[in-house]
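Structure file target_12.cif (mmCIF, C-alpha atoms) is printed below.
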```cif
data_structure
#
loop_
_atom_site.label_atom_id
_atom_site.label_comp_id
_atom_site.auth_asym_id
_atom_site.auth_seq_id
_atom_site.Cartn_x
_atom_site.Cartn_y
_atom_site.Cartn_z
CA GLU A 1 6.43 5.27 -0.88
CA ALA A 2 8.28 5.16 2.43
CA GLN A 3 5.79 5.54 5.21
CA VAL A 4 4.54 4.67 8.66
CA THR A 5 0.91 3.66 8.78
CA GLN A 6 -1.40 3.48 11.77
CA ASN A 7 -4.84 1.97 12.13
CA PRO A 8 -7.40 2.97 13.04
CA ARG A 9 -7.07 6.72 12.59
CA TYR A 10 -9.99 7.41 14.88
CA LEU A 11 -11.42 5.25 17.63
CA ILE A 12 -14.11 5.78 20.23
CA THR A 13 -14.40 3.05 22.83
CA VAL A 14 -15.62 2.44 26.35
CA THR A 15 -13.75 1.91 29.57
CA GLY A 16 -12.32 -1.58 29.95
CA LYS A 17 -12.75 -2.78 26.37
CA LYS A 18 -9.41 -4.06 25.11
CA LEU A 19 -8.11 -2.46 21.95
CA THR A 20 -5.08 -2.57 19.68
CA VAL A 21 -3.66 0.20 17.54
CA THR A 22 -1.51 -1.14 14.76
CA CYS A 23 1.65 0.47 13.40
CA SER A 24 3.59 -0.65 10.37
CA GLN A 25 6.61 0.77 8.55
CA ASN A 26 8.05 -0.18 5.17
CA MET A 27 11.54 1.30 5.58
CA ASN A 28 13.19 -1.67 7.30
CA HIS A 29 13.86 0.47 10.36
CA GLU A 30 15.16 -1.21 13.50
CA TYR A 31 13.81 1.42 15.89
CA MET A 32 10.12 2.03 16.55
CA SER A 33 8.39 4.05 19.21
CA TRP A 34 4.96 5.06 20.48
CA TYR A 35 4.03 8.50 21.77
CA ARG A 36 0.97 10.17 23.12
CA GLN A 37 0.28 13.85 22.52
CA ASP A 38 -1.83 15.86 24.92
CA PRO A 39 -2.42 19.63 24.80
CA GLY A 40 0.38 21.51 26.50
CA LEU A 41 2.37 18.37 27.22
CA GLY A 42 4.12 17.79 23.90
CA LEU A 43 4.84 14.21 22.93
CA ARG A 44 5.53 11.73 25.68
CA GLN A 45 7.16 8.42 24.90
CA ILE A 46 5.17 5.34 25.90
CA TYR A 47 7.33 2.43 24.72
CA TYR A 48 10.10 1.91 22.24
CA SER A 49 11.79 -0.98 20.49
CA MET A 50 15.36 -1.15 19.33
CA ASN A 51 14.74 -4.28 17.26
CA VAL A 52 12.63 -7.43 17.02
CA GLU A 53 11.82 -8.82 20.47
CA VAL A 54 13.55 -5.86 22.17
CA THR A 55 11.22 -3.38 23.85
CA ASP A 56 11.56 -0.96 26.73
CA LYS A 57 9.51 1.54 28.68
CA GLY A 58 9.38 5.20 27.86
CA ASP A 59 8.20 7.88 30.25
CA VAL A 60 4.50 6.95 30.45
CA PRO A 61 4.15 3.16 30.01
CA GLU A 62 1.42 2.50 32.60
CA GLY A 63 -1.70 0.97 31.08
CA TYR A 64 -0.04 0.07 27.78
CA LYS A 65 1.58 -3.00 26.28
CA VAL A 66 3.59 -3.49 23.12
CA SER A 67 5.13 -6.33 21.18
CA ARG A 68 7.67 -6.51 18.37
CA LYS A 69 7.43 -9.90 16.73
CA GLU A 70 8.27 -8.63 13.26
CA LYS A 71 10.54 -5.80 12.23
CA ARG A 72 7.85 -3.87 10.38
CA ASN A 73 5.08 -3.99 13.00
CA PHE A 74 4.82 -2.50 16.47
CA PRO A 75 1.25 -2.68 17.84
CA LEU A 76 0.12 -0.74 20.91
CA ILE A 77 -2.26 -2.61 23.19
CA LEU A 78 -4.56 -1.11 25.78
CA GLU A 79 -5.86 -4.06 27.77
CA SER A 80 -8.29 -2.07 29.91
CA PRO A 81 -8.57 1.47 28.58
CA SER A 82 -9.54 4.28 30.90
CA PRO A 83 -10.69 7.86 30.15
CA ASN A 84 -7.24 9.26 31.04
CA GLN A 85 -5.88 7.40 28.01
CA THR A 86 -7.94 9.60 25.71
CA SER A 87 -5.26 11.15 23.55
CA LEU A 88 -3.64 11.45 20.14
CA TYR A 89 -1.19 8.61 19.57
CA PHE A 90 1.75 8.59 17.19
CA CYS A 91 3.94 5.76 16.05
CA ALA A 92 7.41 6.52 14.72
CA SER A 93 10.33 4.61 13.26
CA SER A 94 14.00 5.22 12.57
CA PHE A 95 17.17 3.45 11.65
CA LEU A 96 19.91 3.01 14.21
CA LEU A 97 23.23 4.82 14.03
CA SER A 98 26.57 3.12 14.53
CA GLY A 99 26.74 4.62 18.02
CA GLY A 100 23.61 2.73 19.02
CA THR A 101 21.03 5.46 19.10
CA TYR A 102 18.45 6.34 16.49
CA ASN A 103 18.42 8.89 13.71
CA GLU A 104 15.54 11.16 12.76
CA GLN A 105 12.14 9.63 13.35
CA PHE A 106 9.46 9.16 10.72
CA PHE A 107 5.99 9.59 12.14
CA GLY A 108 2.69 8.03 11.31
CA PRO A 109 -0.43 10.17 10.79
CA GLY A 110 -1.71 9.63 14.32
CA THR A 111 -4.62 7.82 15.97
CA ARG A 112 -7.15 9.84 17.89
CA LEU A 113 -8.51 7.71 20.72
CA THR A 114 -11.46 8.60 22.91
CA VAL A 115 -12.28 6.41 25.91
CA LEU A 116 -15.73 7.02 27.37
CA ALA B 1 17.47 12.22 33.02
CA GLN B 2 17.26 14.24 29.86
CA SER B 3 14.74 17.05 29.49
CA VAL B 4 13.76 19.68 26.95
CA THR B 5 12.25 23.10 27.62
CA GLN B 6 10.55 25.28 25.06
CA PRO B 7 9.88 28.49 26.99
CA ASP B 8 7.44 29.98 24.51
CA ILE B 9 4.06 28.30 24.29
CA HIS B 10 2.78 30.60 21.56
CA ILE B 11 4.51 33.07 19.25
CA THR B 12 2.94 35.43 16.74
CA VAL B 13 4.97 37.03 13.98
CA SER B 14 4.10 39.00 10.87
CA GLU B 15 4.67 37.47 7.49
CA GLY B 16 8.13 38.41 6.27
CA ALA B 17 9.49 38.98 9.78
CA SER B 18 12.28 36.93 11.29
CA LEU B 19 11.61 34.10 13.70
CA GLU B 20 13.46 32.51 16.59
CA LEU B 21 12.04 29.62 18.59
CA ARG B 22 13.89 28.74 21.75
CA CYS B 23 14.89 25.30 22.97
CA ASN B 24 16.92 24.42 26.05
CA TYR B 25 17.94 20.90 26.94
CA SER B 26 19.29 19.23 29.99
CA TYR B 27 21.65 16.33 29.49
CA GLY B 28 25.13 15.59 30.77
CA ALA B 29 26.78 14.31 27.61
CA THR B 30 26.54 15.41 24.00
CA PRO B 31 22.91 15.29 22.95
CA TYR B 32 21.40 14.50 19.61
CA LEU B 33 19.02 17.36 18.87
CA PHE B 34 16.08 17.60 16.52
CA TRP B 35 13.45 20.10 15.47
CA TYR B 36 10.16 18.80 14.11
CA VAL B 37 7.16 20.64 12.71
CA GLN B 38 3.53 19.56 12.99
CA SER B 39 0.97 21.17 10.73
CA PRO B 40 -2.66 21.05 11.88
CA GLY B 41 -4.05 17.53 11.73
CA GLN B 42 -0.77 16.09 10.54
CA GLY B 43 2.05 13.98 11.88
CA LEU B 44 5.48 15.37 12.64
CA GLN B 45 8.10 16.14 10.01
CA LEU B 46 11.81 16.65 10.62
CA LEU B 47 13.11 20.18 10.00
CA LEU B 48 16.74 19.63 10.97
CA LYS B 49 19.04 17.75 13.32
CA TYR B 50 22.36 18.13 15.09
CA PHE B 51 24.63 15.26 16.03
CA SER B 52 28.14 16.72 15.92
CA GLY B 53 30.37 19.00 13.89
CA ASP B 54 29.34 22.42 12.66
CA THR B 55 27.12 23.96 15.30
CA LEU B 56 25.01 25.84 12.75
CA VAL B 57 22.79 23.41 10.88
CA GLN B 58 20.58 24.04 7.91
CA GLY B 59 17.24 22.39 7.44
CA ILE B 60 14.32 22.29 5.09
CA LYS B 61 12.01 25.20 4.29
CA GLY B 62 14.73 27.77 4.99
CA PHE B 63 15.12 26.95 8.69
CA GLU B 64 18.39 26.82 10.57
CA ALA B 65 19.39 26.12 14.16
CA GLU B 66 22.47 26.77 16.23
CA PHE B 67 23.78 24.44 18.91
CA LYS B 68 25.32 26.31 21.83
CA ARG B 69 26.78 23.94 24.36
CA SER B 70 27.58 26.69 26.88
CA GLN B 71 23.94 27.73 26.97
CA SER B 72 22.45 24.23 26.52
CA SER B 73 20.40 25.65 23.69
CA PHE B 74 19.37 24.71 20.19
CA ASN B 75 17.29 27.62 18.92
CA LEU B 76 15.47 27.48 15.61
CA ARG B 77 15.58 30.48 13.28
CA LYS B 78 14.17 31.63 9.98
CA PRO B 79 15.00 35.01 8.43
CA SER B 80 11.64 35.58 6.74
CA VAL B 81 8.48 33.77 7.80
CA HIS B 82 5.83 32.67 5.31
CA TRP B 83 2.14 32.17 6.09
CA SER B 84 2.59 28.44 5.46
CA ASP B 85 5.02 28.24 8.41
CA ALA B 86 2.12 28.49 10.84
CA ALA B 87 2.30 25.22 12.77
CA GLU B 88 3.46 23.70 16.02
CA TYR B 89 7.19 23.20 16.48
CA PHE B 90 8.82 20.63 18.71
CA CYS B 91 12.38 20.35 19.90
CA ALA B 92 13.55 16.85 20.82
CA VAL B 93 16.64 15.27 22.33
CA GLY B 94 18.09 11.80 22.09
CA THR B 95 21.26 10.33 23.52
CA ASN B 96 23.69 7.50 22.97
CA THR B 97 23.94 6.61 26.63
CA ASN B 98 20.26 5.90 26.98
CA ALA B 99 19.65 4.76 23.45
CA GLY B 100 16.00 4.60 22.57
CA LYS B 101 14.76 7.23 25.00
CA SER B 102 13.31 10.22 23.23
CA THR B 103 12.28 13.43 24.96
CA PHE B 104 10.23 16.18 23.35
CA GLY B 105 9.55 19.70 24.49
CA ASP B 106 5.99 20.85 25.05
CA GLY B 107 5.94 22.61 21.70
CA THR B 108 5.63 26.19 20.45
CA THR B 109 2.65 27.21 18.36
CA LEU B 110 3.50 29.72 15.64
CA THR B 111 0.85 32.07 14.30
CA VAL B 112 1.69 34.16 11.24
CA LYS B 113 -0.10 37.49 10.74
CA PRO B 114 -0.68 38.71 7.20
#
```

Using C-alpha coordinates, write down the structure that the file contains.
Amino acid sequence: EAQVTQNPRYLITVTGKKLTVTCSQNMNHEYMSWYRQDPGLGLRQIYYSMNVEVTDKGDVPEGYKVSRKEKRNFPLILESPSPNQTSLYFCASSFLLSGGTYNEQFFGPGTRLTVL
Amino acid sequence: AQSVTQPDIHITVSEGASLELRCNYSYGATPYLFWYVQSPGQGLQLLLKYFSGDTLVQGIKGFEAEFKRSQSSFNLRKPSVHWSDAAEYFCAVGTNTNAGKSTFGDGTTLTVKP
(Lines of atoms letter the chains of each structure in order from A and count residues from 1; the text may use other names and numbers.)
(Lines give C-alpha, C1' and ligand atoms only; values in the text may rest on other atoms or scores of the structure.)
Protein backbone atom coordinates (compact mmCIF):
# COMPACT_ATOMS: atom_id res chain seq x y z
CA GLU A 1 0.00 0.00 0.00
CA ALA A 2 1.31 3.43 -0.96
CA GLN A 3 1.76 5.45 2.16
CA VAL A 4 3.67 7.98 4.22
CA THR A 5 4.47 6.83 7.72
CA GLN A 6 5.52 8.91 10.70
CA ASN A 7 6.88 7.87 14.06
CA PRO A 8 6.11 8.40 16.80
CA ARG A 9 2.45 9.34 16.50
CA TYR A 10 2.42 10.92 19.94
CA LEU A 11 5.30 12.32 21.94
CA ILE A 12 5.54 14.19 25.21
CA THR A 13 8.96 15.55 26.05
CA VAL A 14 10.65 18.23 28.10
CA THR A 15 12.33 21.44 27.08
CA GLY A 16 15.82 20.96 25.68
CA LYS A 17 15.72 17.20 25.14
CA LYS A 18 16.67 16.46 21.55
CA LEU A 19 14.18 14.46 19.54
CA THR A 20 13.68 13.13 16.04
CA VAL A 21 10.43 12.47 14.23
CA THR A 22 10.86 10.04 11.39
CA CYS A 23 9.07 10.14 8.05
CA SER A 24 9.19 7.49 5.37
CA GLN A 25 7.41 7.08 2.04
CA ASN A 26 7.25 4.05 -0.24
CA MET A 27 6.17 5.80 -3.45
CA ASN A 28 9.63 6.77 -4.73
CA HIS A 29 8.68 10.43 -4.52
CA GLU A 30 11.38 13.04 -5.05
CA TYR A 31 9.64 15.76 -3.04
CA MET A 32 9.10 15.64 0.72
CA SER A 33 8.01 18.31 3.14
CA TRP A 34 7.30 18.94 6.82
CA TYR A 35 4.44 21.04 8.16
CA ARG A 36 3.17 22.06 11.52
CA GLN A 37 -0.53 22.59 12.17
CA ASP A 38 -1.72 24.92 14.89
CA PRO A 39 -5.34 25.94 15.57
CA GLY A 40 -6.39 28.82 13.36
CA LEU A 41 -3.09 28.91 11.51
CA GLY A 42 -3.57 26.14 8.96
CA LEU A 43 -0.49 24.23 7.88
CA ARG A 44 2.81 26.05 7.82
CA GLN A 45 5.74 24.64 5.93
CA ILE A 46 8.87 24.01 7.99
CA TYR A 47 11.32 22.49 5.50
CA TYR A 48 11.12 20.76 2.17
CA SER A 49 13.34 18.61 0.00
CA MET A 50 13.30 18.39 -3.76
CA ASN A 51 15.52 15.30 -3.80
CA VAL A 52 18.29 13.49 -1.94
CA GLU A 53 20.71 15.95 -0.32
CA VAL A 54 18.58 18.93 -1.46
CA THR A 55 16.70 20.71 1.31
CA ASP A 56 15.41 24.23 1.80
CA LYS A 57 13.60 26.32 4.36
CA GLY A 58 9.88 26.78 4.41
CA ASP A 59 8.10 29.56 6.26
CA VAL A 60 8.85 28.51 9.84
CA PRO A 61 12.24 26.75 9.94
CA GLU A 62 13.60 28.19 13.21
CA GLY A 63 14.36 25.51 15.78
CA TYR A 64 14.18 22.62 13.31
CA LYS A 65 16.65 20.63 11.25
CA VAL A 66 16.16 18.10 8.49
CA SER A 67 18.26 15.77 6.41
CA ARG A 68 17.61 13.79 3.24
CA LYS A 69 20.24 11.09 2.94
CA GLU A 70 17.92 8.59 1.29
CA LYS A 71 15.03 9.17 -1.06
CA ARG A 72 12.45 7.48 1.13
CA ASN A 73 13.30 9.12 4.47
CA PHE A 74 13.05 12.71 5.66
CA PRO A 75 13.49 13.00 9.45
CA LEU A 76 12.65 16.15 11.39
CA ILE A 77 15.04 17.00 14.20
CA LEU A 78 14.38 19.29 17.13
CA GLU A 79 17.76 19.76 18.79
CA SER A 80 16.48 21.77 21.75
CA PRO A 81 12.69 21.69 21.81
CA SER A 82 10.77 24.50 23.43
CA PRO A 83 7.10 24.75 24.49
CA ASN A 84 6.26 26.88 21.43
CA GLN A 85 7.05 23.85 19.28
CA THR A 86 4.11 22.00 20.78
CA SER A 87 2.06 21.23 17.69
CA LEU A 88 0.73 18.64 15.27
CA TYR A 89 3.33 17.78 12.66
CA PHE A 90 2.70 16.35 9.22
CA CYS A 91 5.10 14.90 6.70
CA ALA A 92 4.12 14.82 3.04
CA SER A 93 5.58 13.58 -0.22
CA SER A 94 4.97 14.08 -3.92
CA PHE A 95 6.49 13.44 -7.28
CA LEU A 96 7.91 16.29 -9.31
CA LEU A 97 6.32 17.58 -12.49
CA SER A 98 8.26 18.29 -15.66
CA GLY A 99 8.03 22.00 -14.89
CA GLY A 100 9.98 21.49 -11.67
CA THR A 101 7.30 21.84 -9.06
CA TYR A 102 5.46 19.13 -7.19
CA ASN A 103 2.13 17.46 -7.77
CA GLU A 104 -0.48 16.65 -5.14
CA GLN A 105 0.98 15.81 -1.77
CA PHE A 106 0.40 12.60 0.14
CA PHE A 107 0.29 13.17 3.87
CA GLY A 108 1.31 11.05 6.79
CA PRO A 109 -1.04 10.53 9.75
CA GLY A 110 0.58 13.23 11.87
CA THR A 111 2.69 13.38 15.03
CA ARG A 112 1.30 15.18 18.04
CA LEU A 113 4.18 16.69 19.99
CA THR A 114 3.92 18.23 23.43
CA VAL A 115 6.95 20.01 24.90
CA LEU A 116 6.69 20.68 28.63
CA ALA B 1 5.44 35.87 -1.85
CA GLN B 2 2.46 33.63 -2.38
CA SER B 3 -0.44 33.61 0.07
CA VAL B 4 -3.81 31.95 0.47
CA THR B 5 -6.88 33.34 2.22
CA GLN B 6 -9.88 31.33 3.30
CA PRO B 7 -12.28 34.00 4.55
CA ASP B 8 -14.65 31.64 6.34
CA ILE B 9 -13.32 30.03 9.49
CA HIS B 10 -16.47 28.02 10.12
CA ILE B 11 -19.48 27.19 7.95
CA THR B 12 -22.62 25.31 8.93
CA VAL B 13 -24.95 23.86 6.32
CA SER B 14 -27.89 21.49 6.44
CA GLU B 15 -27.56 18.04 4.99
CA GLY B 16 -28.67 18.12 1.37
CA ALA B 17 -27.96 21.83 0.96
CA SER B 18 -25.38 23.21 -1.43
CA LEU B 19 -21.94 24.27 -0.28
CA GLU B 20 -19.38 26.82 -1.39
CA LEU B 21 -16.06 27.31 0.38
CA ARG B 22 -14.07 30.33 -0.64
CA CYS B 23 -10.37 30.53 -1.42
CA ASN B 24 -8.41 33.53 -2.63
CA TYR B 25 -4.74 33.40 -3.53
CA SER B 26 -2.08 35.95 -4.13
CA TYR B 27 0.61 35.10 -6.63
CA GLY B 28 1.92 36.88 -9.70
CA ALA B 29 2.14 33.99 -12.14
CA THR B 30 -0.12 31.03 -12.78
CA PRO B 31 -0.55 29.13 -9.54
CA TYR B 32 -1.01 25.46 -8.96
CA LEU B 33 -4.07 25.15 -6.74
CA PHE B 34 -5.24 22.37 -4.49
CA TRP B 35 -8.08 21.61 -2.12
CA TYR B 36 -7.49 19.11 0.67
CA VAL B 37 -9.85 17.71 3.29
CA GLN B 38 -8.93 16.69 6.83
CA SER B 39 -11.34 14.54 8.79
CA PRO B 40 -11.03 14.64 12.59
CA GLY B 41 -7.84 12.96 13.76
CA GLN B 42 -6.71 12.22 10.23
CA GLY B 43 -4.13 13.42 7.77
CA LEU B 44 -5.00 15.44 4.70
CA GLN B 45 -6.47 13.98 1.53
CA LEU B 46 -6.56 15.63 -1.89
CA LEU B 47 -10.01 16.59 -3.16
CA LEU B 48 -8.98 18.19 -6.45
CA LYS B 49 -6.30 20.26 -8.15
CA TYR B 50 -5.89 22.82 -10.90
CA PHE B 51 -2.75 23.27 -12.96
CA SER B 52 -3.98 24.54 -16.33
CA GLY B 53 -6.69 24.03 -18.92
CA ASP B 54 -10.37 23.81 -18.11
CA THR B 55 -11.05 26.17 -15.23
CA LEU B 56 -13.78 23.97 -13.77
CA VAL B 57 -12.25 20.89 -12.19
CA GLN B 58 -13.95 17.86 -10.78
CA GLY B 59 -12.73 16.04 -7.73
CA ILE B 60 -13.58 13.15 -5.50
CA LYS B 61 -16.71 12.82 -3.37
CA GLY B 62 -18.75 15.01 -5.73
CA PHE B 63 -16.72 18.19 -5.20
CA GLU B 64 -15.79 20.67 -7.89
CA ALA B 65 -13.87 23.94 -7.97
CA GLU B 66 -13.62 26.80 -10.40
CA PHE B 67 -10.46 28.78 -11.08
CA LYS B 68 -11.16 32.44 -11.75
CA ARG B 69 -8.00 34.30 -12.62
CA SER B 70 -9.70 37.72 -12.66
CA GLN B 71 -10.84 37.24 -9.07
CA SER B 72 -7.78 35.27 -7.88
CA SER B 73 -10.17 32.68 -6.55
CA PHE B 74 -10.52 28.92 -6.48
CA ASN B 75 -13.80 28.24 -4.68
CA LEU B 76 -14.87 24.73 -3.77
CA ARG B 77 -18.47 23.66 -4.35
CA LYS B 78 -20.74 20.70 -3.78
CA PRO B 79 -24.38 20.64 -4.86
CA SER B 80 -25.67 18.47 -2.01
CA VAL B 81 -23.77 18.03 1.24
CA HIS B 82 -23.71 14.73 3.14
CA TRP B 83 -23.18 14.35 6.88
CA SER B 84 -19.86 12.63 6.15
CA ASP B 85 -18.55 15.84 4.55
CA ALA B 86 -18.12 17.41 7.98
CA ALA B 87 -14.39 18.10 8.17
CA GLU B 88 -11.81 20.83 7.81
CA TYR B 89 -10.99 22.00 4.31
CA PHE B 90 -7.74 23.56 3.20
CA CYS B 91 -6.89 25.45 0.05
CA ALA B 92 -3.22 25.38 -0.98
CA VAL B 93 -1.06 26.99 -3.64
CA GLY B 94 2.20 25.96 -5.23
CA THR B 95 4.22 27.55 -7.99
CA ASN B 96 6.82 26.71 -10.58
CA THR B 97 8.90 29.79 -9.92
CA ASN B 98 9.50 28.94 -6.30
CA ALA B 99 9.35 25.21 -6.65
CA GLY B 100 9.01 23.44 -3.35
CA LYS B 101 7.30 26.22 -1.44
CA SER B 102 3.81 25.27 -0.38
CA THR B 103 1.32 27.66 1.18
CA PHE B 104 -1.91 26.62 2.84
CA GLY B 105 -4.88 28.68 3.92
CA ASP B 106 -5.96 28.69 7.55
CA GLY B 107 -8.74 26.23 6.81
CA THR B 108 -12.55 26.23 6.92
CA THR B 109 -14.36 23.93 9.32
CA LEU B 110 -17.59 22.53 7.89
CA THR B 111 -20.40 21.44 10.20
CA VAL B 112 -23.35 19.58 8.69
CA LYS B 113 -26.73 19.81 10.42
CA PRO B 114 -29.10 16.86 10.13

message = Using all atoms listed in the file and a distance of at most 8 Å, pull out the residues of chain A that contact chain B, as a list in words.
response =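 Written out as asked, the residues are Tyr31, Gly40, Leu41, Gly42, Leu43, Arg44, Gln45, Tyr48, Ser49, Met50, Gly58, Phe90, Gly99, Gly100, Thr101, Tyr102, Glu104, Gln105, Phe106, Phe107, Gly108, Pro109 and Gly110 of chain A.
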
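What separates CA of Pro81 (chain A) from CA of Val37 (chain B) is a distance of 29.4 Å.
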
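Interatomic distance, CA of Ala86 (chain B) to CA of Gln37 (chain A): 18.8 Å.
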
ask   = So which residues get picked by the PyMOL selection byres ((chain B and resi 76) around 6) here, written as a PyMOL selection string?
value = chain B and resi 20-21+64-65+75+77

Residue among B:Ser39, B:Ser72, B:Ser3, B:Asn24 lying closest to Asp85 (chain B), counting only C-alpha atoms =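 Between B:Ser39, B:Ser72, B:Ser3, B:Asn24, the residue approaching Asp85 (chain B) most closely is B:Ser39.
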
request  = Could you tell me how far CA of Phe74 (chain A) lies from CA of Cys23 (chain A), in Å and to one decimal?
outcome  =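 Calculated distance between CA of Phe74 (chain A) and CA of Cys23 (chain A) is 5.3 Å.
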
request  = Run through the PyMOL selection byres ((chain A and resi 22) around 8) on the given coordinates and return the selected residues as a list in words.
outcome  = Gln6, Asn7, Pro8, Thr20, Val21, Cys23, Ser24, Asn73, Phe74, Pro75 and Leu76 of chain A
